[in-house]
$ cat data06.pdb   # PDB, C-alpha atoms, pLDDT in the B column
ATOM      1  CA  MET A   1      33.373 102.107 111.922  1.00 91.00           C
ATOM      2  CA  LEU A   2      36.517 103.786 113.133  1.00 94.00           C
ATOM      3  CA  SER A   3      37.253 107.366 112.148  1.00 95.00           C
ATOM      4  CA  TYR A   4      39.776 110.067 112.949  1.00 95.00           C
ATOM      5  CA  GLU A   5      39.538 113.807 112.394  1.00 93.00           C
ATOM      6  CA  LEU A   6      42.722 115.845 112.101  1.00 89.00           C
ATOM      7  CA  SER A   7      43.366 118.745 114.470  1.00 90.00           C
ATOM      8  CA  LYS A   8      42.574 122.342 113.535  1.00 89.00           C
ATOM      9  CA  ALA A   9      46.270 123.312 113.577  1.00 91.00           C
ATOM     10  CA  ILE A  10      47.138 120.738 110.907  1.00 90.00           C
ATOM     11  CA  LEU A  11      44.077 121.636 108.832  1.00 91.00           C
ATOM     12  CA  ASP A  12      44.956 125.342 108.885  1.00 91.00           C
ATOM     13  CA  LYS A  13      48.431 124.557 107.508  1.00 91.00           C
ATOM     14  CA  ALA A  14      46.875 122.462 104.714  1.00 89.00           C
ATOM     15  CA  LYS A  15      44.253 125.199 104.045  1.00 90.00           C
ATOM     16  CA  ILE A  16      41.243 122.885 104.340  1.00 93.00           C
ATOM     17  CA  SER A  17      38.316 123.130 106.752  1.00 93.00           C
ATOM     18  CA  SER A  18      37.914 119.452 107.683  1.00 93.00           C
ATOM     19  CA  LEU A  19      39.461 116.056 107.013  1.00 93.00           C
ATOM     20  CA  ARG A  20      38.240 112.714 108.303  1.00 94.00           C
ATOM     21  CA  VAL A  21      39.807 109.322 107.586  1.00 96.00           C
ATOM     22  CA  PHE A  22      37.694 106.236 108.245  1.00 97.00           C
ATOM     23  CA  VAL A  23      37.546 102.450 107.955  1.00 97.00           C
ATOM     24  CA  GLN A  24      34.385 100.378 108.223  1.00 96.00           C
ATOM     25  CA  GLY A  25      33.979  96.609 108.290  1.00 93.00           C
ATOM     26  CA  GLU A  26      31.159  94.087 108.037  1.00 89.00           C
ATOM     27  CA  ASN A  27      31.276  90.327 108.748  1.00 83.00           C
ATOM     28  CA  LEU A  28      34.870  90.557 109.947  1.00 82.00           C
ATOM     29  CA  TYR A  29      34.678  87.719 112.438  1.00 77.00           C
ATOM     30  CA  ALA A  30      32.310  84.835 113.116  1.00 68.00           C
ATOM     31  CA  ALA A  31      32.339  83.793 116.775  1.00 64.00           C
ATOM     32  CA  PHE A  32      31.108  80.271 116.038  1.00 63.00           C
ATOM     33  CA  LYS A  33      30.381  78.029 113.066  1.00 65.00           C
ATOM     34  CA  PHE A  34      26.624  77.666 112.702  1.00 60.00           C
ATOM     35  CA  LYS A  35      25.613  74.332 111.142  1.00 64.00           C
ATOM     36  CA  GLY A  36      21.891  75.069 110.678  1.00 62.00           C
ATOM     37  CA  TYR A  37      19.790  76.942 108.113  1.00 64.00           C
ATOM     38  CA  ASP A  38      21.055  80.403 107.120  1.00 62.00           C
ATOM     39  CA  PRO A  39      18.328  82.556 105.489  1.00 63.00           C
ATOM     40  CA  GLU A  40      20.952  84.758 103.795  1.00 63.00           C
ATOM     41  CA  VAL A  41      22.414  81.880 101.742  1.00 62.00           C
ATOM     42  CA  ALA A  42      20.825  81.474  98.320  1.00 58.00           C
ATOM     43  CA  THR A  43      19.391  78.056  97.522  1.00 59.00           C
ATOM     44  CA  GLY A  44      17.487  76.534  94.633  1.00 57.00           C
ATOM     45  CA  SER A  45      18.615  77.980  91.299  1.00 55.00           C
ATOM     46  CA  LEU A  46      22.331  77.629  92.119  1.00 51.00           C
ATOM     47  CA  GLY A  47      22.132  73.842  92.085  1.00 50.00           C
ATOM     48  CA  GLY A  48      23.075  73.436  95.737  1.00 50.00           C
ATOM     49  CA  SER A  49      26.231  75.549  95.638  1.00 54.00           C
ATOM     50  CA  GLN A  50      26.444  77.942  98.561  1.00 58.00           C
ATOM     51  CA  TYR A  51      28.817  80.835  99.022  1.00 60.00           C
ATOM     52  CA  PRO A  52      29.892  82.187 102.422  1.00 64.00           C
ATOM     53  CA  GLN A  53      28.825  85.675 103.398  1.00 68.00           C
ATOM     54  CA  LEU A  54      31.180  88.326 102.117  1.00 77.00           C
ATOM     55  CA  ARG A  55      33.639  90.134 104.350  1.00 84.00           C
ATOM     56  CA  THR A  56      33.557  93.840 103.484  1.00 92.00           C
ATOM     57  CA  ILE A  57      36.151  96.454 104.431  1.00 94.00           C
ATOM     58  CA  THR A  58      35.662 100.058 103.320  1.00 96.00           C
ATOM     59  CA  PHE A  59      38.231 102.854 103.575  1.00 97.00           C
ATOM     60  CA  GLY A  60      37.553 106.508 102.925  1.00 97.00           C
ATOM     61  CA  ILE A  61      38.513 110.139 103.320  1.00 96.00           C
ATOM     62  CA  ASN A  62      36.103 113.059 103.686  1.00 94.00           C
ATOM     63  CA  ILE A  63      37.610 116.456 102.863  1.00 93.00           C
ATOM     64  CA  GLY A  64      35.917 119.804 103.372  1.00 91.00           C
ATOM     65  CA  LEU A  65      37.385 122.767 101.490  1.00 86.00           C
TER      66      LEU A  65
END
$ encode --input "data06.pdb" --output "structure tokens"
Amino acid sequence: MLSYELSKAILDKAKISSLRVFVQGENLYAAFKFKGYDPEVATGSLGGSQYPQLRTITFGINIGL
């Protein structure tokens, strides 16, 4: 997670007490391609079809008034 909080001078001009902007990521990069068994991949009822793990990126803003 990367986040940034704005300075007090900017917040005073905007008349808010706090503001934080953030971005968070999961499964952004795989260092190597694993050929063995992966316990997080569903098997059985899907008839052998396997989906790769999802890459998730979340953005957000927290504002305190």
$ atom_distance --input "data06.pdb" --atom1 "CA of Lys8 (chain A)" --atom2 "CA of Phe59 (chain A)"
22.3 Å
$ atom_distance --input "data06.pdb" --atom1 "CA of Gly64 (chain A)" --atom2 "CA of Ser18 (chain A)"
4.8 Å
$ residues_around --input "data06.pdb" --residues "region 9-17 of chain A" --least-positions-apart "4" --cutoff "12 Å" --atoms "all atoms listed in the file" --output "list in words"
Glu5, Asn62, Ile63, Gly64 and Leu65 of chain A
$ resolve_selection --input "data06.pdb" --expression "the PyMOL selection byres ((chain A and resi 58) around 8)" --output "compact mmCIF listing (two decimals) with C-alpha atoms, keeping the file's coordinate frame"
# COMPACT_ATOMS: atom_id res chain seq x y z
CA VAL A 23 37.55 102.45 107.96
CA GLN A 24 34.38 100.38 108.22
CA GLY A 25 33.98 96.61 108.29
CA THR A 56 33.56 93.84 103.48
CA ILE A 57 36.15 96.45 104.43
CA PHE A 59 38.23 102.85 103.58
CA GLY A 60 37.55 106.51 102.92
